[in-house]
Amino acid sequence: MMSRHDDNPCRPRHFKPAPCAPAALEGPAQQSLETSHTRLLVTAALFCLAFLLIALRLVEVTAIKSEAYAARSPVPTQPLVSRADIVDRNGVLLATTLSTPSLYANPKLVKDPAAVARRLVGVLPDLVESEVEAKLASDKSFVWIKRQLTPHQELAVNRLGVPGLQFEPEERRFYPEGSLAAHIVGYTGIDNRGLGGIERGFDDILRDRRDAVALSIDARVQYILRDEIARQIADFNASGGMGVIMDVNTGEVLAMVSLPDFDPNNAGSATPETVFNRATLGIYEMGSTFKIFNTAMALEARTATLASSYDATKPLHVGRFTIHDDHPQNRWLNVAEIFQYSSNIGAARMAVEAGTDRQRDFLGRLGLLRAPGFELPEIGAPLVPSPWRDVNTMTVAFGHGISVSPLQMAIAVSAVVNGGVLHPATLIKRAPEYAPPGRQVLSARTSDDMRRLLRLVVEHGTGKLAIAPGYLLGGKTGTAEKVNGARYDKKGLLSSFIGVFPITEPRYLVMISIDEPHPNKASYGFATGGWAAAPGVGRVVQRMAPLMGIPPVDEDSPEIRRSLMVDSARPQGPSFAAN
């Protein structure tokens, strides 16, 4: 029997109808749903508009107003460029850049300029109260109060809690070793631009690169040289001194000192005398150290041999000039003796025999007639005779009438002793494979003879006080009267000693000059190069040689004695000039 509700007789009895899809809403329900959708869209649009307004406001605050503030305030708008570090050949830091705060004020926010100025001077005593008050009372929106404060100074100003005072980060150049290498490294100004030394000479390079600039100097050797020069200055109550240590085979400068010096961290308080670099910018008559070149010239030109003899029995009169010896032997002297006893008379006669043209040409080949190329901007140009007469030829032979810098002397003497190769001096560390070959300017034979003569001076001549036992030091003394107006001042001396070691196989040159030394009891009333400079060179050699890996040797061994023997009778080999 079928149910009364079953309208389809073919459908199975247990079949359940599928649920039907909801019918579309009509009437009040449909209107209510559309109203809800509209309200949601309006709310979302309002939120988007609010966020857009906030974003626009942020742009206005951070960009537009900051530009307006910058337009009316002289705050630097470009960030300062960092400078590369400067280090010595072993990586010791000589110059670096640190971030430091600088104090400025907005006077329009300072309520009581007089009171604030008084409080500022209390924590920054180097300020002038009246000047600070005038700045704070101005109608400007920005004034510098003090540049490059220390952390302690920044903290002290912050503790004042004065409205209108703010800090601007800047960069400051810092020199950890202080005055140790002041004339080499140099210094910068308040804007971090180089004003002296390598800082000035390499200003663009230091501003463009990030890796450190490695110098050729060795801070340890620099300290030794400075210490010994200062000792000689004190012992002889001198006005100053200078010195150079150079690798004779590469031209690298390991140390360079000019005293008095200054602290580049406080360069503003330096005086012209302390900033002046005596070793490179100063030019001086170098006295008998020039006999190194005169003797080498005569041997190289073959106008003399070691056996050649010259009359030194009495002073030499040339017009109104008289040439005499400080250590007169009053006899004929051979070339070795002229060098050993530092005879002015013998040197003058040798020069006349060689001739003016040869002398001028030889000194020119050694770079003594022009300013040397060097990385420092503080370079002096030599003063040479003009015209170059016979009397000039005589006086130049013993270092008078021509003025050069100590740096030029070091370069030229290095060439004389290293086998005859002239290497330009440099303050930049050189890898051996990148070192320039140099230029041959005299023969190896002449160089060998000159090394023997230099050793003779230290063993038996005027340089005995420079002896450095075990290190085979050779060298030459020099004492020159300084020019005072139109006259030479017999009390105003420049006393020098140039040493080279080991003289059998030269590696390093050490030069010390003492400016205006005064005699003392210990020197028996002398202030010559043999007394005022030679002992300092000897001590430098003894202190630096172990650091450079040079062991002491037995100076009396037969092999060494034979290698240093001066044979005045042997014939001279062909000159480089002839080749």
# chains A, B, ... in the order shown; residues from 1 in each chain; ligands from 1

call {"tool": "select_by_dssp", "arguments": {"residues": "region 339-570 of chain A", "states": "helix (DSSP H, G or I)", "output": "PyMOL selection string"}}
result
chain A and resi 339-340+344-354+356-365+390-397+406-417+432-434+444-460+464-466+521-523+529-532+534-544+558-564

call {"tool": "residues_around", "arguments": {"residues": "Thr393 (chain A)", "least_positions_apart": "5", "cutoff": "7 Å", "atoms": "only C-alpha atoms", "output": "ChimeraX atom specification"}}
result
/A:351-352,356

call {"tool": "write_last_selection", "arguments": {"atoms": "C-alpha atoms", "output": "PDB file, in the first residue's frame"}}
result
ATOM      1  CA  ALA A 351     139.166  68.935  -6.885  1.00  0.00           C
ATOM      2  CA  VAL A 352     141.241  71.413  -8.876  1.00  0.00           C
ATOM      3  CA  THR A 356     135.049  72.077 -12.346  1.00  0.00           C
TER       4      THR A 356
END

call {"tool": "select_by_dssp", "arguments": {"residues": "region 240-342 of chain A", "states": "strand (DSSP E or B)", "output": "MDAnalysis selection string"}}
result
chainID A and resid 240:247 252:259 284 309:312 316:318 321:323 331:334

call {"tool": "closest_residue", "arguments": {"among": "A:Leu46, A:Ala444, A:Ile245, A:Ala522", "to": "Ala279 (chain A)", "atoms": "only C-alpha atoms"}}
result
A:Ile245

call {"tool": "residues_around", "arguments": {"residues": "region 457-462 of chain A", "least_positions_apart": "3", "cutoff": "8 Å", "atoms": "only C-alpha atoms", "output": "MDAnalysis selection string"}}
result
chainID A and resid 339:342 453:454 465:467 473:477 530

call {"tool": "closest_residue", "arguments": {"among": "A:Leu127, A:Ala181, A:Ala238, A:Ala486", "to": "Ile224 (chain A)", "atoms": "only C-alpha atoms"}}
result
A:Ala181

call {"tool": "atom_distance", "arguments": {"atom1": "CA of Gly189 (chain A)", "atom2": "CA of Ser130 (chain A)"}}
result
25.3 Å

call {"tool": "residues_around", "arguments": {"residues": "Tyr284 (chain A)", "least_positions_apart": "4", "cutoff": "12 Å", "atoms": "only C-alpha atoms", "output": "PyMOL selection string"}}
result
chain A and resi 242+278-280+289-290+380-384+399-409+478-483+493-496+513-515

call {"tool": "atom_distance", "arguments": {"atom1": "CA of Val391 (chain A)", "atom2": "CA of Asp448 (chain A)"}}
result
29.9 Å

call {"tool": "closest_residue", "arguments": {"among": "A:Asp554, A:Asp567, A:Asp361, A:Glu252", "to": "Ala410 (chain A)", "atoms": "only C-alpha atoms"}}
result
A:Glu252

call {"tool": "residues_around", "arguments": {"residues": "Ser239 (chain A)", "least_positions_apart": "4", "cutoff": "8 Å", "atoms": "only C-alpha atoms", "output": "NGL selection string"}}
result
:A and (233 or 515-517)

call {"tool": "residues_around", "arguments": {"residues": "region 229-231 of chain A", "least_positions_apart": "5", "cutoff": "8 Å", "atoms": "only C-alpha atoms", "output": "list in words"}}
result
Gly241, Met242, Gly243, Leu259, Ile512, Ile514 and Gly536 of chain A

call {"tool": "write_last_selection", "arguments": {"atoms": "N, CA, C and O atoms", "output": "PDB file, in the first residue's frame"}}
result
ATOM      1  N   GLY A 241     118.334  69.349  16.058  1.00  0.00           N
ATOM      2  CA  GLY A 241     119.062  68.254  15.422  1.00  0.00           C
ATOM      3  C   GLY A 241     118.172  67.523  14.449  1.00  0.00           C
ATOM      4  O   GLY A 241     116.946  67.705  14.424  1.00  0.00           O
ATOM      5  N   MET A 242     118.791  66.676  13.637  1.00  0.00           N
ATOM      6  CA  MET A 242     118.041  65.934  12.626  1.00  0.00           C
ATOM      7  C   MET A 242     118.786  64.648  12.320  1.00  0.00           C
ATOM      8  O   MET A 242     119.975  64.518  12.625  1.00  0.00           O
ATOM      9  N   GLY A 243     118.072  63.707  11.715  1.00  0.00           N
ATOM     10  CA  GLY A 243     118.718  62.456  11.367  1.00  0.00           C
ATOM     11  C   GLY A 243     117.897  61.647  10.384  1.00  0.00           C
ATOM     12  O   GLY A 243     116.679  61.829  10.270  1.00  0.00           O
ATOM     13  N   LEU A 259     114.263  67.662  15.250  1.00  0.00           N
ATOM     14  CA  LEU A 259     113.985  68.185  16.591  1.00  0.00           C
ATOM     15  C   LEU A 259     114.393  69.653  16.666  1.00  0.00           C
ATOM     16  O   LEU A 259     115.430  70.027  16.108  1.00  0.00           O
ATOM     17  N   ILE A 512     123.333  61.639  11.519  1.00  0.00           N
ATOM     18  CA  ILE A 512     122.883  62.562  12.569  1.00  0.00           C
ATOM     19  C   ILE A 512     123.599  63.892  12.378  1.00  0.00           C
ATOM     20  O   ILE A 512     124.819  63.925  12.172  1.00  0.00           O
ATOM     21  N   ILE A 514     123.753  67.771  14.327  1.00  0.00           N
ATOM     22  CA  ILE A 514     123.381  68.562  15.498  1.00  0.00           C
ATOM     23  C   ILE A 514     123.560  70.035  15.155  1.00  0.00           C
ATOM     24  O   ILE A 514     124.655  70.452  14.729  1.00  0.00           O
ATOM     25  N   GLY A 536     126.399  59.512  18.869  1.00  0.00           N
ATOM     26  CA  GLY A 536     124.981  59.179  18.704  1.00  0.00           C
ATOM     27  C   GLY A 536     124.764  58.141  17.632  1.00  0.00           C
ATOM     28  O   GLY A 536     123.956  57.217  17.783  1.00  0.00           O
TER      29      GLY A 536
END

call {"tool": "residues_around", "arguments": {"residues": "Gly178 (chain A)", "least_positions_apart": "4", "cutoff": "7 Å", "atoms": "only C-alpha atoms", "output": "list in words"}}
result
Asp263, Pro264 and Asn265 of chain A

call {"tool": "write_last_selection", "arguments": {"atoms": "N, CA, C and O atoms", "output": "compact mmCIF listing (two decimals), in the first residue's frame"}}
result
# COMPACT_ATOMS: atom_id res chain seq x y z
N ASP A 263 103.40 67.74 18.57
CA ASP A 263 102.41 66.67 18.68
C ASP A 263 101.30 66.94 17.66
O ASP A 263 100.57 67.92 17.77
N PRO A 264 101.16 66.09 16.64
CA PRO A 264 100.14 66.34 15.62
C PRO A 264 98.72 66.25 16.17
O PRO A 264 97.78 66.74 15.52
N ASN A 265 98.52 65.66 17.35
CA ASN A 265 97.20 65.67 17.97
C ASN A 265 96.80 67.07 18.43
O ASN A 265 95.63 67.34 18.67

call {"tool": "atom_distance", "arguments": {"atom1": "CA of Pro502 (chain A)", "atom2": "CA of Leu472 (chain A)"}}
result
4.9 Å

call {"tool": "closest_atom_pairs", "arguments": {"of": "region 175-267 of chain A", "to": "region 83-95 of chain A", "cutoff": "12 Å", "atoms": "only C-alpha atoms", "output": "Markdown table"}}
result
| residue | atom | partner | partner_atom | distance |
| --- | --- | --- | --- | --- |
| A:Tyr175 | CA | A:Ala95 | CA | 4.6 |
| A:Pro176 | CA | A:Leu94 | CA | 5.9 |
| A:Glu177 | CA | A:Leu94 | CA | 6.0 |
| A:Gly178 | CA | A:Leu94 | CA | 8.3 |
| A:Ser179 | CA | A:Leu94 | CA | 10.0 |
| A:Leu180 | CA | A:Leu94 | CA | 9.0 |
| A:Ala181 | CA | A:Leu94 | CA | 8.0 |
| A:Ala182 | CA | A:Leu94 | CA | 9.4 |
| A:His183 | CA | A:Leu94 | CA | 11.9 |
| A:Ile184 | CA | A:Leu94 | CA | 10.0 |
| A:Val185 | CA | A:Leu94 | CA | 7.4 |
| A:Gly186 | CA | A:Ala95 | CA | 9.3 |
| A:Tyr187 | CA | A:Ala95 | CA | 8.9 |
| A:Thr188 | CA | A:Ala95 | CA | 10.3 |
| A:Asp191 | CA | A:Arg83 | CA | 11.4 |
| A:Asn192 | CA | A:Arg83 | CA | 8.1 |
| A:Arg193 | CA | A:Arg83 | CA | 9.0 |
| A:Gly194 | CA | A:Arg83 | CA | 9.9 |
| A:Gly197 | CA | A:Ile86 | CA | 11.6 |
| A:Ile198 | CA | A:Ile86 | CA | 8.8 |
| A:Glu199 | CA | A:Ile86 | CA | 8.8 |
| A:Arg200 | CA | A:Arg83 | CA | 11.8 |
| A:Phe202 | CA | A:Ala84 | CA | 10.3 |
| A:Asp203 | CA | A:Arg83 | CA | 8.6 |
| A:Asp204 | CA | A:Arg83 | CA | 9.2 |
| A:Ile205 | CA | A:Ala84 | CA | 8.2 |
| A:Leu206 | CA | A:Ala84 | CA | 4.9 |
| A:Arg207 | CA | A:Arg83 | CA | 4.7 |
| A:Asp208 | CA | A:Arg83 | CA | 7.4 |
| A:Arg209 | CA | A:Ala84 | CA | 6.0 |
| A:Arg210 | CA | A:Ala84 | CA | 5.0 |
| A:Asp211 | CA | A:Ala84 | CA | 6.0 |
| A:Ala212 | CA | A:Asp85 | CA | 4.5 |
| A:Val213 | CA | A:Ile86 | CA | 4.9 |
| A:Ala214 | CA | A:Val87 | CA | 5.0 |
| A:Leu215 | CA | A:Asp88 | CA | 4.9 |
| A:Ser216 | CA | A:Arg89 | CA | 5.1 |
| A:Ile217 | CA | A:Asp88 | CA | 5.5 |
| A:Asp218 | CA | A:Asp88 | CA | 5.7 |
| A:Ala219 | CA | A:Asp88 | CA | 6.4 |
| A:Arg220 | CA | A:Val92 | CA | 9.6 |
| A:Val221 | CA | A:Asp88 | CA | 10.8 |
| A:Gln222 | CA | A:Asp88 | CA | 10.1 |
| A:Glu252 | CA | A:Arg89 | CA | 10.4 |
| A:Val253 | CA | A:Arg89 | CA | 10.4 |
| A:Leu254 | CA | A:Arg89 | CA | 8.6 |
| A:Ala255 | CA | A:Asp88 | CA | 10.2 |
| A:Pro264 | CA | A:Ala95 | CA | 9.7 |
| A:Asn265 | CA | A:Ala95 | CA | 9.8 |

call {"tool": "closest_residue", "arguments": {"among": "A:Tyr434, A:Phe293, A:Trp388, A:Phe398", "to": "Ala415 (chain A)", "atoms": "only C-alpha atoms"}}
result
A:Phe293

call {"tool": "decode", "arguments": {"residues": "region 172-220 of chain A", "atoms": "N, CA and C atoms", "output": "CSV table (one decimal), in the first residue's frame"}}
result
chain,number,residue,atom,x,y,z
A,172,ARG,N,87.6,62.9,13.6
A,172,ARG,CA,88.9,63.6,14.0
A,172,ARG,C,90.0,62.6,13.7
A,173,ARG,N,91.1,63.2,13.2
A,173,ARG,CA,92.3,62.4,13.0
A,173,ARG,C,93.1,62.3,14.3
A,174,PHE,N,93.5,61.1,14.6
A,174,PHE,CA,94.2,60.8,15.9
A,174,PHE,C,95.5,60.1,15.6
A,175,TYR,N,96.6,60.5,16.3
A,175,TYR,CA,97.9,60.0,16.1
A,175,TYR,C,98.4,59.3,17.4
A,176,PRO,N,98.2,58.0,17.5
A,176,PRO,CA,98.5,57.2,18.7
A,176,PRO,C,100.0,57.4,19.2
A,177,GLU,N,100.9,57.6,18.3
A,177,GLU,CA,102.3,57.7,18.7
A,177,GLU,C,102.8,59.1,19.0
A,178,GLY,N,101.8,60.0,18.9
A,178,GLY,CA,102.2,61.4,19.3
A,178,GLY,C,103.2,62.0,18.4
A,179,SER,N,104.2,62.6,19.0
A,179,SER,CA,105.3,63.3,18.2
A,179,SER,C,106.3,62.4,17.6
A,180,LEU,N,106.2,61.1,17.8
A,180,LEU,CA,107.3,60.2,17.4
A,180,LEU,C,107.7,60.4,15.9
A,181,ALA,N,106.7,60.5,15.0
A,181,ALA,CA,107.0,60.6,13.6
A,181,ALA,C,106.2,61.8,13.0
A,182,ALA,N,106.2,62.9,13.8
A,182,ALA,CA,105.3,64.0,13.4
A,182,ALA,C,105.6,64.6,12.1
A,183,HIS,N,106.9,64.8,11.7
A,183,HIS,CA,107.2,65.4,10.5
A,183,HIS,C,107.0,64.4,9.3
A,184,ILE,N,107.0,63.1,9.5
A,184,ILE,CA,106.7,62.2,8.5
A,184,ILE,C,105.2,62.1,8.2
A,185,VAL,N,104.5,61.7,9.3
A,185,VAL,CA,103.1,61.5,9.1
A,185,VAL,C,102.3,62.8,8.8
A,186,GLY,N,102.7,63.9,9.5
A,186,GLY,CA,102.1,65.2,9.3
A,186,GLY,C,100.8,65.3,10.1
A,187,TYR,N,99.9,66.1,9.7
A,187,TYR,CA,98.7,66.4,10.5
A,187,TYR,C,97.6,66.9,9.6
A,188,THR,N,96.4,67.0,10.1
A,188,THR,CA,95.2,67.5,9.3
A,188,THR,C,94.6,68.7,10.0
A,189,GLY,N,93.8,69.4,9.3
A,189,GLY,CA,93.1,70.5,9.9
A,189,GLY,C,91.7,70.1,10.4
A,190,ILE,N,90.9,71.1,10.9
A,190,ILE,CA,89.6,70.8,11.5
A,190,ILE,C,88.7,70.1,10.5
A,191,ASP,N,88.9,70.3,9.2
A,191,ASP,CA,88.0,69.7,8.2
A,191,ASP,C,88.6,68.4,7.7
A,192,ASN,N,89.6,67.9,8.4
A,192,ASN,CA,90.2,66.5,8.1
A,192,ASN,C,91.0,66.5,6.8
A,193,ARG,N,91.4,67.6,6.3
A,193,ARG,CA,92.3,67.7,5.1
A,193,ARG,C,93.7,67.8,5.5
A,194,GLY,N,94.6,67.1,4.8
A,194,GLY,CA,96.0,67.1,5.2
A,194,GLY,C,96.7,68.4,5.0
A,195,LEU,N,97.5,68.8,6.0
A,195,LEU,CA,98.2,70.1,6.0
A,195,LEU,C,99.7,69.9,6.1
A,196,GLY,N,100.2,68.7,6.3
A,196,GLY,CA,101.6,68.5,6.4
A,196,GLY,C,101.9,67.0,6.3
A,197,GLY,N,103.2,66.8,5.9
A,197,GLY,CA,103.7,65.4,5.8
A,197,GLY,C,102.9,64.5,4.9
A,198,ILE,N,102.9,63.2,5.2
A,198,ILE,CA,102.2,62.3,4.3
A,198,ILE,C,100.7,62.6,4.3
A,199,GLU,N,100.1,63.2,5.3
A,199,GLU,CA,98.7,63.5,5.3
A,199,GLU,C,98.4,64.5,4.2
A,200,ARG,N,99.4,65.4,3.9
A,200,ARG,CA,99.2,66.4,2.8
A,200,ARG,C,99.6,65.8,1.5
A,201,GLY,N,100.8,65.2,1.5
A,201,GLY,CA,101.3,64.6,0.2
A,201,GLY,C,100.4,63.6,-0.4
A,202,PHE,N,99.7,62.8,0.5
A,202,PHE,CA,98.8,61.7,0.0
A,202,PHE,C,97.4,62.0,0.4
A,203,ASP,N,97.0,63.3,0.4
A,203,ASP,CA,95.7,63.6,0.9
A,203,ASP,C,94.6,63.0,0.0
A,204,ASP,N,94.7,63.0,-1.3
A,204,ASP,CA,93.6,62.4,-2.1
A,204,ASP,C,93.6,60.9,-1.9
A,205,ILE,N,94.8,60.3,-1.9
A,205,ILE,CA,94.8,58.8,-1.7
A,205,ILE,C,94.2,58.4,-0.4
A,206,LEU,N,94.5,59.1,0.7
A,206,LEU,CA,94.0,58.8,2.0
A,206,LEU,C,92.5,59.0,2.1
A,207,ARG,N,92.0,59.9,1.3
A,207,ARG,CA,90.5,60.2,1.3
A,207,ARG,C,89.8,59.2,0.5
A,208,ASP,N,90.4,58.6,-0.5
A,208,ASP,CA,89.7,57.7,-1.5
A,208,ASP,C,89.8,56.2,-1.1
A,209,ARG,N,90.8,55.8,-0.3
A,209,ARG,CA,91.0,54.4,-0.1
A,209,ARG,C,90.6,54.0,1.4
A,210,ARG,N,90.3,52.8,1.6
A,210,ARG,CA,89.9,52.3,2.9
A,210,ARG,C,91.0,51.5,3.6
A,211,ASP,N,91.8,50.8,2.8
A,211,ASP,CA,92.9,50.0,3.4
A,211,ASP,C,94.1,51.0,3.8
A,212,ALA,N,94.8,50.6,4.8
A,212,ALA,CA,95.9,51.5,5.4
A,212,ALA,C,97.0,51.7,4.4
A,213,VAL,N,97.6,52.9,4.5
A,213,VAL,CA,98.9,53.2,3.8
A,213,VAL,C,100.0,52.8,4.7
A,214,ALA,N,100.8,51.8,4.2
A,214,ALA,CA,102.0,51.3,4.9
A,214,ALA,C,103.2,52.1,4.6
A,215,LEU,N,103.9,52.7,5.6
A,215,LEU,CA,105.1,53.5,5.3
A,215,LEU,C,106.3,52.6,5.5
A,216,SER,N,107.4,53.1,5.0
A,216,SER,CA,108.7,52.3,5.1
A,216,SER,C,109.3,52.4,6.5
A,217,ILE,N,108.9,53.4,7.3
A,217,ILE,CA,109.6,53.6,8.6
A,217,ILE,C,109.2,52.5,9.5
A,218,ASP,N,110.2,52.2,10.5
A,218,ASP,CA,110.0,51.3,11.5
A,218,ASP,C,109.9,52.1,12.8
A,219,ALA,N,108.8,52.0,13.5
A,219,ALA,CA,108.5,52.8,14.7
A,219,ALA,C,109.6,52.5,15.8
A,220,ARG,N,110.1,51.3,15.8
A,220,ARG,CA,111.1,51.0,16.8
A,220,ARG,C,112.4,51.8,16.5
